[in-house]
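A.B. asks: Here it is: the structure, laid out below.
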Amino acid sequence: MGARVYSLTLVVATLTRTGDLASAQAVRVKPDAVVDLASASGAGLVKGVWRACDAGLVSERSDGRETLVLSPRGEALDSAAWTAMTPEQLTTRRGAGGVCFSWYELTFTMPEQLNAFDARGASVVLELVVDDYAEVWVDGRTPLILGQRGGVSPAGFSAPNRITLSRNAEPGRTMRVRVLAINGPISVSPSNRVWVRSASLEFFRPGRLSATERFPLVVERRDPRLAAIVAEGASAERLASGFEFTEGPVWVDERVAAAGGREAPGGYLLFSDPNANAIYRLDEDDPDQAVSVFRPKSGYAGADIGEYRQPGSNGITLDPKGRVAFCQHGERRVVRVEHNGDVTVLADRDHGKRLNSPNDLVFRSDGALFFTDPAFGLPTFEADPRRELTSTSVYFLKDGKLKSVSTEFSGPNGLALAPDERTLYIGNWDPKRKVVARFGVSEDGTLTPKGTLIDLTQQPGEEAIDGVKVDAMGNVYVSGPGGLWIVAPDGTVLGRLELPEHPHNMAFGGSDGRSLYLTAETSIYRVRLLTPGIRPIPNDSKRAPLVRP
């Protein structure tokens, strides 16, 4: 997570996944087939059946206090007694006006053929326009996506909600969609009532919704063991682009993020843009919400922010309880976001003096935290007058007690624990000493030097050592001059990967842990590997807490 700073003005011009980062809306692709669910002929193509039920607010006691809740609620609704309706009746006004609600349910079956279109394996997108706002449940689930507009959350006043139902349609599969229609604007309690303006299914041939660009992956193979990691002919997929400087990624497994403990396949990627002062979320399976803002002002909100080159967040990870933790350059601290959204400061001072600018972090399975603290986030780096500490440390935090465990690096940067957590790898961002060192780790965080894993000082290129990650076999992935280096635990260089842009950091993710996501300057890339990587999956992943910004 280096000190290199980029100043770009191509955010809107070069976004490949979102079209407009501010609205996180993709450029629409013309579907290959459309089913009008608001017509009898269209609904008949998918055996669509509509039902409806009015809803309202009822009094309930919670924590000893009276409160109002929606009835019936969204989870586990029994729709057997709901009113059956024809598709043409969707325009019938429901509710009494004012702040009113109504449930709509659609049950349908994925078709095999739509006229001449073969629907097998297609991507299917549901588009709904409700008067006035909508919340959508698919097969009994409504995942909460922070910052989302237009998926399962309200898109806006009578605006289209678009939800990807499938990336690989299976003919004969029955799905159930429930929509809560809400009258609005809520603040003025209007006299109109709720109704469905339009509802349709859009079908796309396999691959048509993918906005990824594929690039040849340049692989320098130095050891036969690399064949078990990187397949012949592997490529780099660019998933999103147009950012100022991407950094600090972490994969959030959907078991962690699912609301109410409901498991679902997949997950999403969080990553920082420290220059733009934001944390973004990348959802591969949502063509209309590929990139959304997870947390604005992710590192600083001070009046002097214009003096900072990288005021935002940098490294992001999950703690053993599934809570998001990240380093804030401008605020010069490490913070954790609780499941209820509160922010807890984990570390901001060393013996009363403010930290420099925490850069990267990794949790041990017992909750102990290691993080690096160079001065890269300060406006003028080491010479900045705001600086209070004379050293650049690697810190250890456990049970609220912070201590410096190493001051030997001029630019401590990326760090990672070996799979058995007995070895800590620390990268150094210093053009004069481009090394990754390894240390034995004791229970109390004390580090015992075990020598240099790799020294890239003599390698050409202005880059030093940035992000460091480890795979399940203990191999170490190092962002260094010339690209991404893969090193065996014994220090043998297995090979080197080159991408279209220099990868500054990386994270393993995907459902099987074999997708390597790389934050590379202005873009996010993905490389599929044969070996899974170490991911910060919580110890109690079955609890599946809600992750908030």
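Following the order of the structure tokens, first chain is A, next is B, and so on, with residues numbered from 1 inside each chain and ligands from 1 in the order they appear.
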Could you list, as a compact mmCIF listing (two decimals) with N, CA and C atoms, in the first residue's frame, every residue within 6 Å of stretch 46-51 of chain A, counting only C-alpha atoms and ignoring same-chain residues fewer than 3 positions away?

C.D. replies:
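Output saved as around_13.txt:
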```
# COMPACT_ATOMS: atom_id res chain seq x y z
N ALA A 43 -47.30 -12.99 -18.75
CA ALA A 43 -47.24 -13.81 -17.54
C ALA A 43 -47.44 -15.28 -17.88
N TRP A 82 -53.67 -14.59 0.51
CA TRP A 82 -53.63 -13.34 -0.22
C TRP A 82 -54.63 -13.36 -1.38
N THR A 83 -54.96 -12.18 -1.86
CA THR A 83 -55.92 -12.05 -2.95
C THR A 83 -55.27 -12.33 -4.29
N ALA A 84 -55.79 -13.31 -5.02
CA ALA A 84 -55.29 -13.58 -6.37
C ALA A 84 -55.71 -12.44 -7.30
N MET A 85 -54.86 -12.11 -8.25
CA MET A 85 -55.17 -11.01 -9.16
C MET A 85 -54.62 -11.32 -10.54
N TYR A 104 -47.11 -7.28 -2.96
CA TYR A 104 -47.41 -7.99 -4.21
C TYR A 104 -46.50 -9.21 -4.26
N GLU A 105 -47.04 -10.32 -4.75
CA GLU A 105 -46.23 -11.52 -4.90
C GLU A 105 -46.38 -12.06 -6.31
N LEU A 106 -45.24 -12.43 -6.90
CA LEU A 106 -45.23 -13.08 -8.21
C LEU A 106 -44.51 -14.41 -8.08
N THR A 107 -45.18 -15.47 -8.47
CA THR A 107 -44.55 -16.79 -8.58
C THR A 107 -44.49 -17.14 -10.06
N PHE A 108 -43.30 -17.53 -10.52
CA PHE A 108 -43.16 -17.85 -11.95
C PHE A 108 -42.15 -18.98 -12.12
N THR A 109 -42.13 -19.54 -13.31
CA THR A 109 -41.24 -20.64 -13.64
C THR A 109 -40.34 -20.24 -14.80
N PRO A 111 -38.61 -20.31 -18.11
CA PRO A 111 -38.98 -21.01 -19.34
C PRO A 111 -37.76 -21.64 -20.01
```

A.B. asks: Residues of stretch 180-247 of chain A that approach stretch 161-175 of chain A to 10 Å or less, counting only C-alpha atoms: could you list each one with the shortest pair of atoms and its distance in Å to one decimal, rows by chain and increasing residue number, as a Markdown table?

C.D. replies:
```
| residue | atom | partner | partner_atom | distance |
| --- | --- | --- | --- | --- |
| A:Ala199 | CA | A:Asn161 | CA | 9.6 |
| A:Ser200 | CA | A:Arg162 | CA | 9.8 |
| A:Leu201 | CA | A:Leu165 | CA | 9.2 |
| A:Glu202 | CA | A:Thr164 | CA | 9.4 |
| A:Phe203 | CA | A:Ala169 | CA | 9.2 |
| A:Phe204 | CA | A:Arg167 | CA | 9.1 |
| A:Arg205 | CA | A:Asn168 | CA | 9.5 |
| A:Pro206 | CA | A:Asn168 | CA | 7.5 |
| A:Gly207 | CA | A:Arg167 | CA | 8.8 |
| A:Leu209 | CA | A:Arg167 | CA | 8.9 |
| A:Ser210 | CA | A:Arg167 | CA | 9.9 |
```

A.B. asks: I need the chosen residues saved as a compact mmCIF listing (two decimals), in the first residue's frame, with all heavy atoms.

C.D. replies:
```
# COMPACT_ATOMS: atom_id res chain seq x y z
N ALA A 199 -43.87 -4.26 -14.81
CA ALA A 199 -43.10 -5.39 -14.30
C ALA A 199 -42.71 -6.26 -15.48
O ALA A 199 -43.55 -6.60 -16.31
CB ALA A 199 -43.91 -6.20 -13.30
N SER A 200 -41.44 -6.60 -15.57
CA SER A 200 -40.99 -7.39 -16.71
C SER A 200 -39.76 -8.21 -16.34
O SER A 200 -39.04 -7.90 -15.38
CB SER A 200 -40.67 -6.49 -17.91
OG SER A 200 -39.61 -5.60 -17.58
N LEU A 201 -39.54 -9.26 -17.11
CA LEU A 201 -38.31 -10.06 -17.04
C LEU A 201 -37.53 -9.82 -18.32
O LEU A 201 -38.08 -9.88 -19.42
CB LEU A 201 -38.63 -11.54 -16.90
CG LEU A 201 -39.31 -12.01 -15.61
CD1 LEU A 201 -39.67 -13.48 -15.72
CD2 LEU A 201 -38.41 -11.77 -14.41
N GLU A 202 -36.25 -9.53 -18.17
CA GLU A 202 -35.38 -9.35 -19.32
C GLU A 202 -34.41 -10.53 -19.38
O GLU A 202 -33.78 -10.88 -18.37
CB GLU A 202 -34.60 -8.04 -19.24
CG GLU A 202 -35.50 -6.82 -19.24
CD GLU A 202 -34.72 -5.51 -19.15
OE1 GLU A 202 -33.47 -5.59 -19.01
OE2 GLU A 202 -35.34 -4.44 -19.19
N PHE A 203 -34.28 -11.14 -20.55
CA PHE A 203 -33.41 -12.30 -20.74
C PHE A 203 -32.24 -11.92 -21.65
O PHE A 203 -32.43 -11.26 -22.68
CB PHE A 203 -34.19 -13.45 -21.37
CG PHE A 203 -35.20 -14.08 -20.44
CD1 PHE A 203 -36.43 -13.45 -20.21
CD2 PHE A 203 -34.94 -15.27 -19.80
CE1 PHE A 203 -37.36 -14.01 -19.35
CE2 PHE A 203 -35.87 -15.85 -18.93
CZ PHE A 203 -37.09 -15.22 -18.71
N PHE A 204 -31.04 -12.34 -21.23
CA PHE A 204 -29.82 -12.03 -21.99
C PHE A 204 -29.06 -13.33 -22.23
O PHE A 204 -28.91 -14.16 -21.32
CB PHE A 204 -28.93 -11.06 -21.21
CG PHE A 204 -29.58 -9.76 -20.87
CD1 PHE A 204 -30.40 -9.65 -19.75
CD2 PHE A 204 -29.39 -8.64 -21.67
CE1 PHE A 204 -31.01 -8.44 -19.42
CE2 PHE A 204 -29.99 -7.42 -21.34
CZ PHE A 204 -30.80 -7.32 -20.22
N ARG A 205 -28.59 -13.51 -23.44
CA ARG A 205 -27.79 -14.69 -23.74
C ARG A 205 -26.56 -14.73 -22.84
O ARG A 205 -26.06 -13.69 -22.42
CB ARG A 205 -27.36 -14.69 -25.21
CG ARG A 205 -28.50 -14.97 -26.19
CD ARG A 205 -28.01 -15.17 -27.61
NE ARG A 205 -29.11 -15.60 -28.48
CZ ARG A 205 -29.90 -14.77 -29.13
NH1 ARG A 205 -29.71 -13.46 -29.00
NH2 ARG A 205 -30.88 -15.23 -29.89
N PRO A 206 -26.06 -15.94 -22.54
CA PRO A 206 -24.90 -16.07 -21.65
C PRO A 206 -23.74 -15.17 -22.06
O PRO A 206 -23.36 -15.11 -23.23
CB PRO A 206 -24.52 -17.55 -21.78
CG PRO A 206 -25.81 -18.23 -22.11
CD PRO A 206 -26.56 -17.26 -22.99
N GLY A 207 -23.22 -14.43 -21.07
CA GLY A 207 -22.06 -13.57 -21.31
C GLY A 207 -22.37 -12.17 -21.74
O GLY A 207 -21.50 -11.29 -21.68
N LEU A 209 -24.21 -9.83 -20.36
CA LEU A 209 -24.21 -8.83 -19.30
C LEU A 209 -22.84 -8.63 -18.67
O LEU A 209 -22.66 -7.75 -17.84
CB LEU A 209 -25.21 -9.20 -18.20
CG LEU A 209 -26.68 -8.94 -18.51
CD1 LEU A 209 -27.53 -9.19 -17.29
CD2 LEU A 209 -26.90 -7.52 -19.01
N SER A 210 -21.90 -9.46 -19.02
CA SER A 210 -20.57 -9.32 -18.45
C SER A 210 -19.88 -8.11 -19.05
O SER A 210 -19.74 -7.98 -20.26
CB SER A 210 -19.73 -10.58 -18.73
OG SER A 210 -18.41 -10.39 -18.29
```

A.B. asks: Compile the contact shell of A:Glu331 as a VMD selection string: residues with an atom at most 8 Å away, counting only C-alpha atoms, same-chain residues fewer than 4 positions apart removed.

C.D. replies: chain A and resid 299 to 300 311 357

A.B. asks: Check the DSSP output for the backbone and give back, as a VMD selection string, the residues of stretch 89-271 of chain A in strand (DSSP E or B).

C.D. replies: chain A and resid 94 101 to 109 113 to 114 117 to 118 123 to 131 133 to 138 141 160 to 166 174 to 182 194 to 204 213 to 216 218 to 221 235 to 241 247 to 253 267 to 271

A.B. asks: Find the spatial neighbours of stretch 494-510 of chain A, counting only C-alpha atoms, within a cut-off of 8 Å - ignore same-chain residues fewer than 3 positions away - and output them as number ranges by chain.

C.D. replies: A: 1-2, 215-226, 236, 246-253, 266-267, 269, 466-469, 479-480, 482-488, 513-523, 532-535

A.B. asks: Which residues of stretch 367-402 of chain A sit at most 12 Å from stretch 419-438 of chain A, using only C-alpha atoms? Give each one's shortest atom pair and distance in Å (one decimal place), in chain and ascending residue order, as CSV.

C.D. replies:
```
residue,atom,partner,partner_atom,distance
A:Ala368,CA,A:Glu421,CA,11.1
A:Leu369,CA,A:Leu424,CA,11.6
A:Phe370,CA,A:Leu424,CA,9.1
A:Phe371,CA,A:Ile426,CA,9.7
A:Thr372,CA,A:Ile426,CA,8.6
A:Asp373,CA,A:Asn428,CA,11.2
A:Pro374,CA,A:Trp429,CA,9.0
A:Ala375,CA,A:Trp429,CA,10.9
A:Phe376,CA,A:Trp429,CA,9.7
A:Thr392,CA,A:Asn428,CA,10.9
A:Ser393,CA,A:Ile426,CA,11.0
A:Val394,CA,A:Ile426,CA,8.6
A:Tyr395,CA,A:Ile426,CA,11.5
A:Phe396,CA,A:Leu424,CA,11.5
```

A.B. asks: Output the selection as an mmCIF file, in the first residue's frame - C-alpha atoms for each residue.

C.D. replies:
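Full text of out-v9.cif as output:
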```cif
data_model
loop_
_atom_site.group_PDB
_atom_site.id
_atom_site.type_symbol
_atom_site.label_atom_id
_atom_site.label_comp_id
_atom_site.auth_asym_id
_atom_site.auth_seq_id
_atom_site.Cartn_x
_atom_site.Cartn_y
_atom_site.Cartn_z
ATOM 1 C CA ALA A 368 -5.146 -9.759 18.181
ATOM 2 C CA LEU A 369 -4.277 -7.183 15.541
ATOM 3 C CA PHE A 370 -1.073 -6.309 13.709
ATOM 4 C CA PHE A 371 -0.881 -3.110 11.655
ATOM 5 C CA THR A 372 1.751 -0.971 9.960
ATOM 6 C CA ASP A 373 2.173 2.767 10.543
ATOM 7 C CA PRO A 374 4.285 4.573 7.928
ATOM 8 C CA ALA A 375 3.919 8.279 7.203
ATOM 9 C CA PHE A 376 2.588 7.920 3.645
ATOM 10 C CA THR A 392 7.533 4.126 11.763
ATOM 11 C CA SER A 393 6.330 1.026 13.562
ATOM 12 C CA VAL A 394 4.605 -2.263 13.190
ATOM 13 C CA TYR A 395 2.082 -2.417 16.043
ATOM 14 C CA PHE A 396 0.431 -5.213 17.977
#
```

A.B. asks: Could you pull out the helix (DSSP H, G or I) residues of stretch 48-171 of chain A, going by DSSP on the backbone, and write them as number ranges by chain?

C.D. replies: A: 87-91

A.B. asks: Pull N, CA and C atoms from the residues just selected and write them as a PDB file, in the first residue's frame.

C.D. replies:
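Dumped everything to out-v6.pdb:
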```pdb
ATOM      1  N   PRO A  87     -52.778 -10.083 -14.104  1.00  0.00           N
ATOM      2  CA  PRO A  87     -51.731  -9.103 -14.378  1.00  0.00           C
ATOM      3  C   PRO A  87     -52.286  -7.707 -14.678  1.00  0.00           C
ATOM      4  N   GLU A  88     -53.437  -7.666 -15.333  1.00  0.00           N
ATOM      5  CA  GLU A  88     -54.010  -6.360 -15.654  1.00  0.00           C
ATOM      6  C   GLU A  88     -54.470  -5.599 -14.416  1.00  0.00           C
ATOM      7  N   GLN A  89     -54.693  -6.297 -13.322  1.00  0.00           N
ATOM      8  CA  GLN A  89     -55.138  -5.647 -12.087  1.00  0.00           C
ATOM      9  C   GLN A  89     -53.990  -5.013 -11.295  1.00  0.00           C
ATOM     10  N   LEU A  90     -52.763  -5.135 -11.790  1.00  0.00           N
ATOM     11  CA  LEU A  90     -51.635  -4.509 -11.106  1.00  0.00           C
ATOM     12  C   LEU A  90     -51.770  -2.995 -11.050  1.00  0.00           C
ATOM     13  N   THR A  91     -52.514  -2.414 -12.002  1.00  0.00           N
ATOM     14  CA  THR A  91     -52.694  -0.961 -12.007  1.00  0.00           C
ATOM     15  C   THR A  91     -53.813  -0.505 -11.089  1.00  0.00           C
TER      16      THR A  91
END
```

A.B. asks: Just checking: using only C-alpha atoms, which residue out of A:Gly74, A:Gly451, A:Pro460, A:Pro358 ends up closest to A:Ala325?

C.D. replies: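 Looking only at the distances to A:Ala325, the closest residue turns out to be A:Pro358.
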
A.B. asks: Would you please work out which residue, of A:Asp132, A:Asp444, A:Asp360, A:Glu60, is nearest to A:Ile186 when using only C-alpha atoms?

C.D. replies: A:Asp132

A.B. asks: To one decimal place in Å, what is the distance between atom CA of A:Leu239 and atom CA of A:Val34?

C.D. replies: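 Atom-to-atom, atom CA of A:Leu239 to atom CA of A:Val34, that is 26.6 Å.
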
A.B. asks: For atom CA of A:Val138 and atom CA of A:Leu180, determine how far apart the two atoms are, in Å to one decimal place.

C.D. replies: 11.7 Å

A.B. asks: So how far away is atom CA of A:Ser272 from atom CA of A:Gly377, in Å?

C.D. replies: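 For atom CA of A:Gly377 relative to atom CA of A:Ser272, the distance reads 13.3 Å.
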
A.B. asks: Taking 6 positions as the minimum chain separation for residues in the same chain, which residues sit within 7 Å of A:Ala278 when counting only C-alpha atoms? Answer as a PyMOL selection string.

C.D. replies: chain A and resi 272+295-298+312-313

A.B. asks: So which one's closest to A:Pro412, A:Ile465, A:Ala122, A:Val362, A:Val476? Using only C-alpha atoms, please.

C.D. replies: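 Ranking A:Ile465, A:Ala122, A:Val362, A:Val476 by distance to A:Pro412, first place goes to A:Ile465.
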